[in-house]
>>> print(open('work.cif').read())   # mmCIF, C-alpha atoms (C1' of nucleotides) and all ligand atoms
data_run
#
loop_
_atom_site.label_atom_id
_atom_site.label_comp_id
_atom_site.auth_asym_id
_atom_site.auth_seq_id
_atom_site.Cartn_x
_atom_site.Cartn_y
_atom_site.Cartn_z
CA MET A 136 0.00 0.00 0.00
CA LEU A 137 2.45 2.54 1.18
CA ARG A 138 5.44 1.20 -0.64
CA ILE A 139 8.83 2.23 0.63
CA SER A 140 12.14 1.14 -0.81
CA LYS A 141 14.65 -0.99 0.98
CA LEU A 142 16.93 1.98 1.32
CA THR A 143 14.24 3.78 3.26
CA ASP A 144 13.81 0.83 5.51
CA TYR A 145 17.54 0.77 6.07
CA GLY A 146 17.40 4.45 6.81
CA THR A 147 14.83 3.88 9.49
CA LEU A 148 16.96 1.21 11.05
CA ILE A 149 19.91 3.57 11.02
CA LEU A 150 18.00 6.48 12.47
CA VAL A 151 16.60 4.33 15.21
CA HIS A 152 20.05 3.06 15.94
CA LEU A 153 21.36 6.59 16.17
CA ALA A 154 18.52 7.44 18.48
CA SER A 155 19.61 4.73 20.86
CA VAL A 156 23.24 5.68 21.26
CA ALA A 157 24.82 8.58 23.08
CA PRO A 158 23.39 11.66 21.40
CA ASN A 159 26.49 13.81 21.22
CA LYS A 160 29.09 11.22 20.35
CA PRO A 161 29.35 10.96 16.58
CA CYS A 162 28.77 7.41 15.51
CA PRO A 163 30.87 6.26 12.54
CA ALA A 164 29.22 4.42 9.70
CA SER A 165 31.20 1.29 10.46
CA GLU A 166 29.75 1.18 13.94
CA ILE A 167 26.25 1.65 12.61
CA ALA A 168 26.80 -1.16 10.14
CA ALA A 169 27.94 -3.43 12.91
CA GLY A 170 25.08 -2.39 15.13
CA THR A 171 22.38 -2.89 12.57
CA GLY A 172 23.80 -5.83 10.66
CA LEU A 173 23.66 -3.98 7.37
CA ALA A 174 26.45 -3.92 4.81
CA LEU A 175 28.82 -1.03 5.27
CA PRO A 176 28.62 0.43 1.73
CA THR A 177 24.88 0.50 1.95
CA VAL A 178 24.96 2.20 5.30
CA GLN A 179 27.34 4.80 3.92
CA LYS A 180 25.08 5.48 1.00
CA VAL A 181 22.02 5.95 3.13
CA LEU A 182 23.84 8.12 5.63
CA LYS A 183 24.87 10.46 2.87
CA LYS A 184 21.28 10.96 1.89
CA LEU A 185 20.26 11.46 5.48
CA ALA A 186 23.00 14.04 5.91
CA ARG A 187 21.98 15.92 2.81
CA GLY A 188 18.43 15.82 4.02
CA LYS A 189 19.51 17.41 7.30
CA LEU A 190 18.23 14.54 9.39
CA VAL A 191 21.70 13.73 10.67
CA VAL A 192 24.78 15.87 11.00
CA SER A 193 28.19 14.56 10.16
CA SER A 194 31.63 15.10 11.58
CA ARG A 195 34.54 14.24 9.38
CA GLY A 196 37.93 12.97 10.26
CA ALA A 197 39.09 10.81 13.10
CA ASP A 198 36.53 10.43 15.83
CA GLY A 199 33.95 11.64 13.39
CA GLY A 200 30.69 10.06 12.42
CA TYR A 201 27.02 10.87 12.39
CA ARG A 202 24.51 11.94 14.99
CA LEU A 203 20.88 12.90 14.82
CA ALA A 204 20.26 16.47 13.83
CA ARG A 205 17.37 16.70 16.25
CA GLU A 206 15.80 14.85 19.09
CA PRO A 207 14.05 11.62 18.10
CA ASP A 208 10.68 13.11 18.85
CA ALA A 209 11.39 16.10 16.64
CA ILE A 210 11.84 14.01 13.51
CA ASP A 211 8.69 12.75 11.87
CA ALA A 212 8.00 9.98 9.40
CA ALA A 213 7.05 12.35 6.62
CA GLU A 214 10.48 13.92 6.71
CA ILE A 215 12.16 10.56 6.59
CA LEU A 216 10.15 9.61 3.55
CA ASP A 217 10.82 12.96 1.91
CA VAL A 218 14.55 12.57 2.35
CA LEU A 219 14.90 8.93 1.41
CA GLU A 220 12.14 8.46 -1.13
CA GLY A 221 12.54 11.81 -2.78
CA PRO A 222 9.76 14.28 -3.40
CA LEU A 223 8.00 11.62 -5.42
CA ALA A 224 4.58 12.52 -6.61
CA ILE A 225 2.06 9.75 -6.30
CA THR A 226 1.40 9.76 -9.98
CA GLU A 227 2.11 12.11 -12.77
CA CYS A 228 -1.48 11.73 -13.76
CA SER A 229 -0.37 9.89 -16.88
CA HIS A 230 1.63 12.80 -18.13
CA ASP A 231 5.04 14.30 -17.59
CA ASP A 232 4.85 18.00 -16.95
CA SER A 233 2.29 19.66 -14.82
CA HIS A 234 -0.35 19.86 -17.45
CA CYS A 235 -2.35 16.77 -18.27
CA GLU A 236 -3.64 16.08 -21.71
CA LEU A 237 -6.54 14.13 -20.32
CA GLU A 238 -7.43 16.88 -17.95
CA SER A 239 -10.33 18.23 -19.90
CA ASN A 240 -12.39 15.09 -19.79
CA CYS A 241 -10.94 13.77 -16.56
CA GLN A 242 -13.29 13.12 -13.72
CA VAL A 243 -10.69 11.99 -11.25
CA GLY A 244 -8.90 15.28 -10.89
CA GLY A 245 -5.95 14.05 -8.93
CA ALA A 246 -7.86 12.19 -6.26
CA TRP A 247 -4.81 10.05 -5.52
CA GLN A 248 -2.61 13.07 -5.12
CA LYS A 249 -5.04 14.48 -2.63
CA ILE A 250 -5.19 11.23 -0.74
CA SER A 251 -1.44 11.12 -0.77
CA ARG A 252 -1.21 14.57 0.68
CA ALA A 253 -3.62 13.59 3.39
CA ILE A 254 -1.52 10.57 4.23
CA ARG A 255 1.58 12.69 4.30
CA ALA A 256 -0.07 14.98 6.78
CA ALA A 257 -0.84 11.98 8.92
CA MET A 258 2.76 10.87 8.68
CA THR A 259 3.96 14.10 10.25
CA GLU A 260 2.36 12.95 13.45
CA ILE A 261 4.45 9.81 13.64
CA ARG A 262 7.85 10.52 15.10
CA LEU A 263 11.13 8.73 15.06
CA SER A 264 10.65 7.97 18.73
CA ASP A 265 7.46 6.15 17.79
CA LEU A 266 9.25 4.04 15.24
CA ARG A 267 11.53 2.53 17.82
CA ASN A 268 9.88 -0.45 19.38
CA PRO A 269 6.55 0.42 17.85
CA PRO A 270 3.27 -0.69 19.34
CA THR A 271 1.90 -3.98 18.18
CA GLU A 272 -0.48 -2.04 16.00
CA PHE A 273 -0.88 1.43 14.68
CA PRO A 274 -4.64 1.73 14.96
CA LEU A 275 -5.09 4.73 12.78
CA ARG A 276 -8.59 5.95 13.03
CA TYR A 277 -9.19 8.53 10.42
CA THR A 278 -11.85 10.84 9.26
CA ILE A 279 -12.30 12.30 5.87
CA LEU A 280 -14.02 15.62 5.84
CA SER A 281 -14.95 17.21 2.62
CA GLU A 282 -15.39 20.90 2.25
CA SER A 283 -17.67 20.28 -0.65
CA GLY A 284 -19.64 18.03 1.60
CA HIS A 285 -19.91 14.81 -0.28
CA LEU A 286 -17.50 13.10 2.00
CA GLY A 287 -18.44 13.47 5.57
CA ARG A 288 -18.14 10.37 7.59
CA THR A 289 -16.79 10.68 11.08
CA ASP A 290 -15.80 7.09 11.37
CA LYS A 291 -16.64 3.78 9.83
CA MET B 250 4.33 9.25 -0.27
CA LEU B 251 1.74 6.80 -1.34
CA ARG B 252 3.24 5.88 -4.64
CA ILE B 253 0.96 4.25 -7.15
CA SER B 254 1.91 3.12 -10.62
CA LYS B 255 0.61 4.65 -13.80
CA LEU B 256 -1.39 1.54 -14.47
CA THR B 257 -3.22 2.04 -11.22
CA ASP B 258 -3.94 5.59 -12.14
CA TYR B 259 -5.27 4.41 -15.48
CA GLY B 260 -7.35 1.86 -13.65
CA THR B 261 -8.93 4.56 -11.57
CA LEU B 262 -9.74 6.55 -14.64
CA ILE B 263 -11.32 3.50 -16.19
CA LEU B 264 -13.34 2.60 -13.14
CA VAL B 265 -14.60 6.11 -12.80
CA HIS B 266 -15.53 6.09 -16.44
CA LEU B 267 -17.44 2.87 -15.99
CA ALA B 268 -19.17 4.37 -13.00
CA SER B 269 -20.46 7.17 -15.17
CA VAL B 270 -22.03 5.15 -17.96
CA ALA B 271 -25.14 3.06 -18.01
CA PRO B 272 -24.55 0.38 -15.38
CA ASN B 273 -25.89 -2.63 -17.16
CA LYS B 274 -24.74 -1.98 -20.66
CA PRO B 275 -21.33 -3.61 -21.12
CA CYS B 276 -18.83 -1.03 -22.25
CA PRO B 277 -16.21 -2.29 -24.71
CA ALA B 278 -12.57 -1.46 -24.13
CA SER B 279 -12.46 0.60 -27.29
CA GLU B 280 -15.16 2.85 -25.98
CA ILE B 281 -13.37 3.25 -22.69
CA ALA B 282 -10.19 4.13 -24.51
CA ALA B 283 -12.00 6.76 -26.48
CA GLY B 284 -13.76 8.07 -23.43
CA THR B 285 -10.66 8.37 -21.29
CA GLY B 286 -8.11 9.30 -23.92
CA LEU B 287 -5.89 6.36 -23.04
CA ALA B 288 -4.28 4.05 -25.57
CA LEU B 289 -6.37 1.01 -26.36
CA PRO B 290 -3.76 -1.69 -25.61
CA THR B 291 -3.14 -0.16 -22.23
CA VAL B 292 -6.82 -0.03 -21.46
CA GLN B 293 -7.17 -3.65 -22.42
CA LYS B 294 -4.35 -4.64 -20.16
CA VAL B 295 -5.73 -2.82 -17.18
CA LEU B 296 -9.23 -4.15 -17.75
CA LYS B 297 -7.94 -7.68 -17.66
CA LYS B 298 -6.43 -7.09 -14.26
CA LEU B 299 -9.61 -5.46 -13.06
CA ALA B 300 -11.64 -8.40 -14.31
CA ARG B 301 -9.40 -10.91 -12.58
CA GLY B 302 -9.64 -8.86 -9.45
CA LYS B 303 -13.42 -9.06 -9.62
CA LEU B 304 -13.86 -5.33 -9.76
CA VAL B 305 -15.44 -5.48 -13.19
CA VAL B 306 -17.27 -8.25 -14.95
CA SER B 307 -16.77 -8.96 -18.60
CA SER B 308 -19.04 -10.10 -21.39
CA ARG B 309 -17.44 -11.60 -24.42
CA GLY B 310 -18.52 -11.54 -27.97
CA ALA B 311 -20.34 -8.93 -29.92
CA ASP B 312 -22.04 -6.36 -27.76
CA GLY B 313 -19.75 -7.42 -24.98
CA GLY B 314 -17.55 -5.30 -22.81
CA TYR B 315 -17.04 -4.51 -19.18
CA ARG B 316 -19.19 -3.19 -16.41
CA LEU B 317 -18.62 -2.59 -12.74
CA ALA B 318 -19.04 -5.66 -10.59
CA ARG B 319 -20.61 -3.59 -7.83
CA GLU B 320 -22.04 -0.20 -7.21
CA PRO B 321 -19.48 2.61 -7.14
CA ASP B 322 -19.98 3.11 -3.44
CA ALA B 323 -19.37 -0.58 -2.77
CA ILE B 324 -15.86 -0.50 -4.18
CA ASP B 325 -13.20 1.02 -1.98
CA ALA B 326 -9.77 2.36 -2.70
CA ALA B 327 -8.00 -0.42 -0.83
CA GLU B 328 -9.49 -2.98 -3.17
CA ILE B 329 -8.41 -1.03 -6.19
CA LEU B 330 -4.88 -0.86 -4.91
CA ASP B 331 -4.90 -4.53 -4.04
CA VAL B 332 -5.98 -5.51 -7.50
CA LEU B 333 -3.78 -3.18 -9.49
CA GLU B 334 -0.71 -2.86 -7.31
CA GLY B 335 -0.64 -6.43 -6.16
CA PRO B 336 -0.43 -7.56 -2.57
CA LEU B 337 2.82 -5.69 -2.27
CA ALA B 338 4.26 -5.56 1.19
CA ILE B 339 5.65 -2.22 2.14
CA THR B 340 9.08 -3.64 2.70
CA GLU B 341 10.47 -7.08 3.14
CA CYS B 342 12.29 -5.81 6.15
CA SER B 343 15.53 -6.17 4.24
CA HIS B 344 15.05 -9.86 3.69
CA ASP B 345 13.22 -12.16 1.38
CA ASP B 346 11.28 -14.77 3.25
CA SER B 347 9.30 -14.09 6.35
CA HIS B 348 12.19 -14.42 8.73
CA CYS B 349 14.55 -11.52 9.07
CA GLU B 350 18.19 -12.00 9.83
CA LEU B 351 18.34 -8.68 11.58
CA GLU B 352 15.35 -9.46 13.67
CA SER B 353 17.23 -10.28 16.83
CA ASN B 354 18.80 -6.88 17.22
CA CYS B 355 16.11 -4.94 15.40
CA GLN B 356 14.36 -2.19 17.26
CA VAL B 357 12.02 -1.22 14.50
CA GLY B 358 9.99 -4.36 14.37
CA GLY B 359 8.11 -3.65 11.24
CA ALA B 360 6.87 -0.20 12.13
CA TRP B 361 6.37 0.62 8.48
CA GLN B 362 4.32 -2.49 7.92
CA LYS B 363 2.10 -1.52 10.76
CA ILE B 364 1.73 2.00 9.45
CA SER B 365 0.95 0.57 6.04
CA ARG B 366 -1.77 -1.62 7.45
CA ALA B 367 -3.25 1.37 9.19
CA ILE B 368 -3.25 3.32 5.97
CA ARG B 369 -4.84 0.43 4.17
CA ALA B 370 -7.60 0.38 6.73
CA ALA B 371 -8.14 4.06 6.09
CA MET B 372 -8.29 3.39 2.36
CA THR B 373 -11.22 1.05 2.81
CA GLU B 374 -13.26 4.07 3.77
CA ILE B 375 -12.64 5.82 0.49
CA ARG B 376 -14.99 4.60 -2.19
CA LEU B 377 -14.98 4.71 -5.91
CA SER B 378 -17.82 7.17 -5.76
CA ASP B 379 -15.55 9.46 -3.77
CA LEU B 380 -12.84 9.28 -6.38
CA ARG B 381 -15.04 10.74 -9.02
CA ASN B 382 -14.89 14.48 -8.88
CA PRO B 383 -13.13 14.42 -5.56
CA PRO B 384 -13.28 17.31 -3.11
CA THR B 385 -10.65 19.95 -3.44
CA GLU B 386 -8.91 18.37 -0.51
CA PHE B 387 -9.01 15.16 1.42
CA PRO B 388 -8.49 16.57 4.89
CA LEU B 389 -7.66 13.36 6.64
CA ARG B 390 -7.61 13.91 10.33
CA TYR B 391 -6.22 10.92 12.00
CA THR B 392 -5.49 9.62 15.42
CA ILE B 393 -2.92 7.15 16.43
CA LEU B 394 -3.80 5.21 19.50
CA SER B 395 -1.34 2.87 21.01
CA GLU B 396 -2.32 -0.07 23.09
CA SER B 397 1.05 0.01 24.74
CA GLY B 398 0.39 3.59 25.56
CA HIS B 399 3.37 5.40 24.22
CA LEU B 400 1.42 6.79 21.34
CA GLY B 401 -1.62 8.54 22.52
CA ARG B 402 -2.29 11.77 20.82
CA THR B 403 -5.81 12.62 19.87
CA ASP B 404 -4.88 15.17 17.31
CA LYS B 405 -2.05 17.48 16.47
"C1'" DA C 25 -20.39 -17.77 -41.57
"C1'" DA C 26 -18.86 -13.36 -40.28
"C1'" DC C 27 -17.98 -10.20 -36.87
"C1'" DA C 28 -17.08 -8.18 -32.30
"C1'" DA C 29 -15.15 -8.65 -28.08
"C1'" DT C 30 -12.51 -10.53 -24.19
"C1'" DA C 31 -8.62 -13.96 -22.31
"C1'" DG C 32 -4.14 -14.96 -21.78
"C1'" DG C 33 0.25 -14.35 -22.25
"C1'" DA C 34 4.67 -13.27 -24.72
"C1'" DC C 35 7.72 -9.81 -25.69
"C1'" DT C 36 10.72 -5.59 -25.67
"C1'" DA C 37 12.22 -1.32 -24.01
"C1'" DT C 38 12.66 1.81 -20.40
"C1'" DT C 39 13.20 3.18 -15.86
"C1'" DT C 40 14.03 2.50 -11.06
"C1'" DT C 41 16.34 0.31 -7.39
"C1'" DA C 42 20.19 -1.98 -5.05
"C1'" DG C 43 24.60 -2.47 -4.11
"C1'" DT C 44 29.55 -1.66 -4.50
"C1'" DC C 45 33.63 0.94 -5.07
"C1'" DC C 46 36.94 4.77 -5.69
"C1'" DA C 47 39.30 9.26 -5.42
"C1'" DA C 48 39.14 13.52 -2.77
"C1'" DT C 49 38.73 16.03 1.45
"C1'" DA C 50 38.57 16.99 6.30
"C1'" DT C 51 39.94 16.18 11.23
"C1'" DA C 52 42.10 14.45 15.38
"C1'" DT C 53 46.34 12.93 17.49
"C1'" DG C 54 51.08 11.89 18.60
"C1'" DC D 154 53.97 16.92 10.03
"C1'" DA D 155 52.64 12.31 9.30
"C1'" DT D 156 49.23 9.08 9.85
"C1'" DA D 157 45.07 7.02 10.61
"C1'" DT D 158 40.11 7.77 10.64
"C1'" DA D 159 35.88 9.35 8.39
"C1'" DT D 160 32.84 11.64 5.45
"C1'" DT D 161 31.80 13.49 0.41
"C1'" DG D 162 30.61 12.96 -4.05
"C1'" DG D 163 29.88 10.53 -7.72
"C1'" DA D 164 30.58 6.65 -11.02
"C1'" DC D 165 29.47 2.21 -12.09
"C1'" DT D 166 27.08 -2.38 -12.73
"C1'" DA D 167 23.56 -5.62 -12.06
"C1'" DA D 168 19.02 -6.75 -11.08
"C1'" DA D 169 14.26 -5.90 -10.85
"C1'" DA D 170 10.01 -3.51 -11.66
"C1'" DT D 171 7.11 -0.84 -15.10
"C1'" DA D 172 5.09 0.45 -19.30
"C1'" DG D 173 3.52 -0.48 -23.44
"C1'" DT D 174 2.50 -3.27 -27.52
"C1'" DC D 175 1.04 -7.21 -30.02
"C1'" DC D 176 -0.49 -11.95 -31.23
"C1'" DT D 177 -3.44 -16.00 -30.93
"C1'" DA D 178 -7.34 -18.34 -29.02
"C1'" DT D 179 -11.93 -18.33 -27.34
"C1'" DT D 180 -16.55 -16.77 -26.76
"C1'" DG D 181 -20.78 -14.83 -28.07
"C1'" DT D 182 -24.02 -12.26 -31.39
"C1'" DT D 183 -26.28 -11.62 -35.61
S1 LIG A 501 -5.55 11.98 -15.71
FE1 LIG A 501 -4.52 13.95 -15.74
S2 LIG A 501 -6.06 15.33 -14.94
FE2 LIG A 501 -6.99 13.33 -14.75
S1 LIG A 502 14.82 -5.28 9.78
FE1 LIG A 502 13.83 -7.24 9.76
S2 LIG A 502 12.91 -7.38 11.74
FE2 LIG A 502 13.79 -5.35 11.70
#
>>> encode(input="work.cif", output="structure tokens", more="lines below")
Ligand code: FES
Ligand code: FES
Amino acid sequence: MLRISKLTDYGTLILVHLASVAPNKPCPASEIAAGTGLALPTVQKVLKKLARGKLVVSSRGADGGYRLAREPDAIDAAEILDVLEGPLAITECSHDDSHCELESNCQVGGAWQKISRAIRAAMTEIRLSDLRNPPTEFPLRYTILSESGHLGRTDK
Amino acid sequence: MLRISKLTDYGTLILVHLASVAPNKPCPASEIAAGTGLALPTVQKVLKKLARGKLVVSSRGADGGYRLAREPDAIDAAEILDVLEGPLAITECSHDDSHCELESNCQVGGAWQKISRAIRAAMTEIRLSDLRNPPTEFPLRYTILSESGHLGRTDK
DNA sequence: AACAATAGGACTATTTTAGTCCAATATATG
DNA sequence: CATATATTGGACTAAAATAGTCCTATTGTT
């Protein structure tokens, strides 16, 4: 349903690992690889993306490494997905640039994009601290409210 | 965020189209192609998947075609995704079969899978009839409730 | 019989993803 | 200053998923 790549999963593992070590001691990639069981080159690759995405900060040189840029409860799942999955639109609406050739006779009007945005908003409420040892379930009760009124259920 | 393939987007277009024509007159693929602006071979391919997934029923032979298997408000978005995107797990947890080599020292414990299941549950509340001419937004207010208690916000 | 459709799958090309590796740069330390 | 430790940035290959087209067989109508 929500499909994330392996790299993103790795990234989560890494972030959670970083959240569980001493916050101000930079943790080198090799240590993270050992701690998570992931291959070192892969860990390095993911860490670079996380650093560019400002989720971790890096220190170079001896005694360097990575540490979280913020507290674990100040990093949310939407950010993690943004950084590791890219800005990816849900669909390009069967076209490439922003204008759709089918638009004139299209009755869908980007419903999936809207749903995706709604899900993203929900993701901002899930924090890195929630990802560590998560509950057995994430009972996500949701409500869709439509301004135009034709969607107005409060719950199932 | 929620990434769906083009084929799934096409499928939505097709289903919405079928929802807007006479319900009991089978609609041939060629007509759907013309009505949606999609290429015929693509439409045919998607319709086959929809038929196998029991979302549409087909009639062969002259005067044949496809029609919705159920009323538009009896088909939900989760089903559409199941049929067109496959059963796809969100991640394989960095492994192939059901047992994960990292499991012993893993602190994540399939958080993404759980989130995905929650999102899927939310998707069952969105119906095909909602996808047609959707509201300008899908304000999806959600609540995460944790049985283990460490997730307990009611709203933002 | 002729025609109109779907069923099923093969097939190719393109794109995305995964994974590894290397050369360059920065930093701490003795 | 020399050396060892680390990140940075990108190149590179292999594998897998996606998109799109097309062909043949079957089914049903007239
Ligand atoms: S398919 Fe592009 S606007 Fe609907
Ligand atoms: S990565 Fe497989 S159980 Fe956590």
>>> residues_around(input="work.cif", residues="A:Ala154", least_positions_apart="5", cutoff="8 Å", atoms="all atoms listed in the file", output="JSON, numbers by chain")
{"A": [203, 206, 207, 264]}
>>> write_last_selection(input="work.cif", atoms="C-alpha atoms", output="PDB file, in the frame of the given file")
ATOM      1  CA  LEU A 203      20.880  12.900  14.820  1.00  0.00           C
ATOM      2  CA  GLU A 206      15.800  14.850  19.090  1.00  0.00           C
ATOM      3  CA  PRO A 207      14.050  11.620  18.100  1.00  0.00           C
ATOM      4  CA  SER A 264      10.650   7.970  18.730  1.00  0.00           C
TER       5      SER A 264
END
>>> interface_residues(input="work.cif", of="chain D", to="chain A", cutoff="7 Å", atoms="only C-alpha atoms (C1' of nucleotides)", output="PyMOL selection string")
chain D and resi 158-160
>>> closest_residue(input="work.cif", among="B:Thr257, B:Leu262, B:Thr373, B:Met250", to="ligand LIG 501 (chain A)", atoms="only C-alpha atoms and all ligand atoms")
B:Leu262
>>> closest_residue(input="work.cif", among="C:DA37, C:DT53, C:DA47, C:DC27", to="chain A", atoms="only C-alpha atoms (C1' of nucleotides)")
C:DT53
>>> interface_residues(input="work.cif", of="chain C", to="chain A", cutoff="12 Å", atoms="only C-alpha atoms (C1' of nucleotides)", output="list in words")
DT40, DT41, DA42, DG43, DT44, DC45, DC46, DT49, DA50, DT51, DA52 and DT53 of chain C
>>> residues_around(input="work.cif", residues="B:Ile324", least_positions_apart="6", cutoff="10 Å", atoms="only C-alpha atoms (C1' of nucleotides)", output="list in words")
Leu264, Leu304, Leu317, Ala318, Thr373, Glu374, Ile375, Arg376, Leu377, Ser378 and Asp379 of chain B
>>> write_last_selection(input="work.cif", atoms="C-alpha atoms", output="compact mmCIF listing (two decimals), in the frame of the given file")
# COMPACT_ATOMS: atom_id res chain seq x y z
CA LEU B 264 -13.34 2.60 -13.14
CA LEU B 304 -13.86 -5.33 -9.76
CA LEU B 317 -18.62 -2.59 -12.74
CA ALA B 318 -19.04 -5.66 -10.59
CA THR B 373 -11.22 1.05 2.81
CA GLU B 374 -13.26 4.07 3.77
CA ILE B 375 -12.64 5.82 0.49
CA ARG B 376 -14.99 4.60 -2.19
CA LEU B 377 -14.98 4.71 -5.91
CA SER B 378 -17.82 7.17 -5.76
CA ASP B 379 -15.55 9.46 -3.77
>>> closest_atom_pairs(input="work.cif", of="chain A", to="ligand LIG 502 (chain A)", cutoff="12 Å", atoms="all atoms listed in the file", output="CSV")
residue,atom,partner,partner_atom,distance
A:Lys141,CA,A:LIG502,S1,9.8
A:Leu142,CA,A:LIG502,S1,11.3
A:Thr143,CA,A:LIG502,S1,11.2
A:Asp144,CA,A:LIG502,S1,7.5
A:Tyr145,CA,A:LIG502,S1,7.6
A:Gly146,CA,A:LIG502,S1,10.5
A:Thr147,CA,A:LIG502,S1,9.2
A:Leu148,CA,A:LIG502,S1,7.0
A:Ile149,CA,A:LIG502,S1,10.3
A:Val151,CA,A:LIG502,FE2,10.7
A:His152,CA,A:LIG502,FE2,11.3
A:Gly170,CA,A:LIG502,S1,11.9
A:Thr171,CA,A:LIG502,S1,8.4
A:Gly172,CA,A:LIG502,S1,9.0
A:Leu173,CA,A:LIG502,S1,9.3
A:Leu266,CA,A:LIG502,FE2,11.0
A:Arg267,CA,A:LIG502,FE2,10.2
A:Asn268,CA,A:LIG502,FE2,9.9
A:Pro269,CA,A:LIG502,FE2,11.1
>>> closest_residue(input="work.cif", among="B:Ile253, B:Val295, B:Leu333, B:Ala300", to="chain A", atoms="all atoms listed in the file")
B:Ile253
>>> closest_residue(input="work.cif", among="A:Met258, A:Leu137, A:Val156, A:Ile215", to="chain B", atoms="only C-alpha atoms")
A:Leu137
>>> atom_distance(input="work.cif", atom1="atom CA of B:Ser365", atom2="atom CA of B:Lys303")
23.3 Å
>>> atom_distance(input="work.cif", atom1="atom CA of A:Leu216", atom2="atom CA of A:Arg138")
10.5 Å
>>> closest_residue(input="work.cif", among="A:Asp208, A:Ile254, A:Ala169, A:Cys162", to="chain B", atoms="all atoms listed in the file")
A:Ile254
>>> closest_residue(input="work.cif", among="A:Ile250, A:Ala256, A:Val243, A:Val191", to="ligand LIG 501 (chain A)", atoms="only C-alpha atoms and all ligand atoms")
A:Val243
>>> atom_distance(input="work.cif", atom1="atom C1' of D:DA170", atom2="atom CA of B:Glu334")
11.6 Å
>>> residues_around(input="work.cif", residues="C:DT39", least_positions_apart="6", cutoff="12 Å", atoms="all atoms listed in the file", output="PyMOL selection string")
chain D and resi 169-172
>>> write_last_selection(input="work.cif", atoms="C-alpha atoms (C1' of nucleotides)", output="PDB file, in the frame of the given file")
ATOM      1  C1'  DA D 169      14.260  -5.900 -10.850  1.00  0.00           C
ATOM      2  C1'  DA D 170      10.010  -3.510 -11.660  1.00  0.00           C
ATOM      3  C1'  DT D 171       7.110  -0.840 -15.100  1.00  0.00           C
ATOM      4  C1'  DA D 172       5.090   0.450 -19.300  1.00  0.00           C
TER       5       DA D 172
END
>>> build_atoms(input="work.cif", residues="stretch 268-281 of chain B", atoms="N, CA and C atoms", output="PDB file, in the frame of the given file")
ATOM      1  N   ALA B 268     -18.167   3.969 -13.982  1.00  0.00           N
ATOM      2  CA  ALA B 268     -19.170   4.370 -13.000  1.00  0.00           C
ATOM      3  C   ALA B 268     -20.093   5.446 -13.565  1.00  0.00           C
ATOM      4  N   SER B 269     -19.664   6.052 -14.660  1.00  0.00           N
ATOM      5  CA  SER B 269     -20.460   7.170 -15.170  1.00  0.00           C
ATOM      6  C   SER B 269     -21.194   6.827 -16.455  1.00  0.00           C
ATOM      7  N   VAL B 270     -21.238   5.559 -16.805  1.00  0.00           N
ATOM      8  CA  VAL B 270     -22.030   5.150 -17.960  1.00  0.00           C
ATOM      9  C   VAL B 270     -23.159   4.246 -17.478  1.00  0.00           C
ATOM     10  N   ALA B 271     -24.012   3.904 -18.381  1.00  0.00           N
ATOM     11  CA  ALA B 271     -25.140   3.060 -18.010  1.00  0.00           C
ATOM     12  C   ALA B 271     -24.644   1.769 -17.370  1.00  0.00           C
ATOM     13  N   PRO B 272     -25.126   1.449 -16.177  1.00  0.00           N
ATOM     14  CA  PRO B 272     -24.550   0.380 -15.380  1.00  0.00           C
ATOM     15  C   PRO B 272     -24.659  -1.006 -15.996  1.00  0.00           C
ATOM     16  N   ASN B 273     -25.719  -1.265 -16.711  1.00  0.00           N
ATOM     17  CA  ASN B 273     -25.890  -2.630 -17.160  1.00  0.00           C
ATOM     18  C   ASN B 273     -25.640  -2.847 -18.649  1.00  0.00           C
ATOM     19  N   LYS B 274     -25.178  -1.806 -19.286  1.00  0.00           N
ATOM     20  CA  LYS B 274     -24.740  -1.980 -20.660  1.00  0.00           C
ATOM     21  C   LYS B 274     -23.241  -2.218 -20.647  1.00  0.00           C
ATOM     22  N   PRO B 275     -22.773  -3.383 -21.083  1.00  0.00           N
ATOM     23  CA  PRO B 275     -21.330  -3.610 -21.120  1.00  0.00           C
ATOM     24  C   PRO B 275     -20.656  -2.575 -21.995  1.00  0.00           C
ATOM     25  N   CYS B 276     -19.552  -2.074 -21.535  1.00  0.00           N
ATOM     26  CA  CYS B 276     -18.830  -1.030 -22.250  1.00  0.00           C
ATOM     27  C   CYS B 276     -17.550  -1.628 -22.812  1.00  0.00           C
ATOM     28  N   PRO B 277     -17.411  -1.681 -24.116  1.00  0.00           N
ATOM     29  CA  PRO B 277     -16.210  -2.290 -24.710  1.00  0.00           C
ATOM     30  C   PRO B 277     -14.966  -1.449 -24.435  1.00  0.00           C
ATOM     31  N   ALA B 278     -13.830  -2.133 -24.444  1.00  0.00           N
ATOM     32  CA  ALA B 278     -12.570  -1.460 -24.130  1.00  0.00           C
ATOM     33  C   ALA B 278     -12.322  -0.295 -25.077  1.00  0.00           C
ATOM     34  N   SER B 279     -12.716  -0.474 -26.334  1.00  0.00           N
ATOM     35  CA  SER B 279     -12.460   0.600 -27.290  1.00  0.00           C
ATOM     36  C   SER B 279     -13.196   1.870 -26.896  1.00  0.00           C
ATOM     37  N   GLU B 280     -14.391   1.680 -26.399  1.00  0.00           N
ATOM     38  CA  GLU B 280     -15.160   2.850 -25.980  1.00  0.00           C
ATOM     39  C   GLU B 280     -14.531   3.521 -24.769  1.00  0.00           C
ATOM     40  N   ILE B 281     -14.024   2.701 -23.875  1.00  0.00           N
ATOM     41  CA  ILE B 281     -13.370   3.250 -22.690  1.00  0.00           C
ATOM     42  C   ILE B 281     -12.128   4.023 -23.089  1.00  0.00           C
TER      43      ILE B 281
END
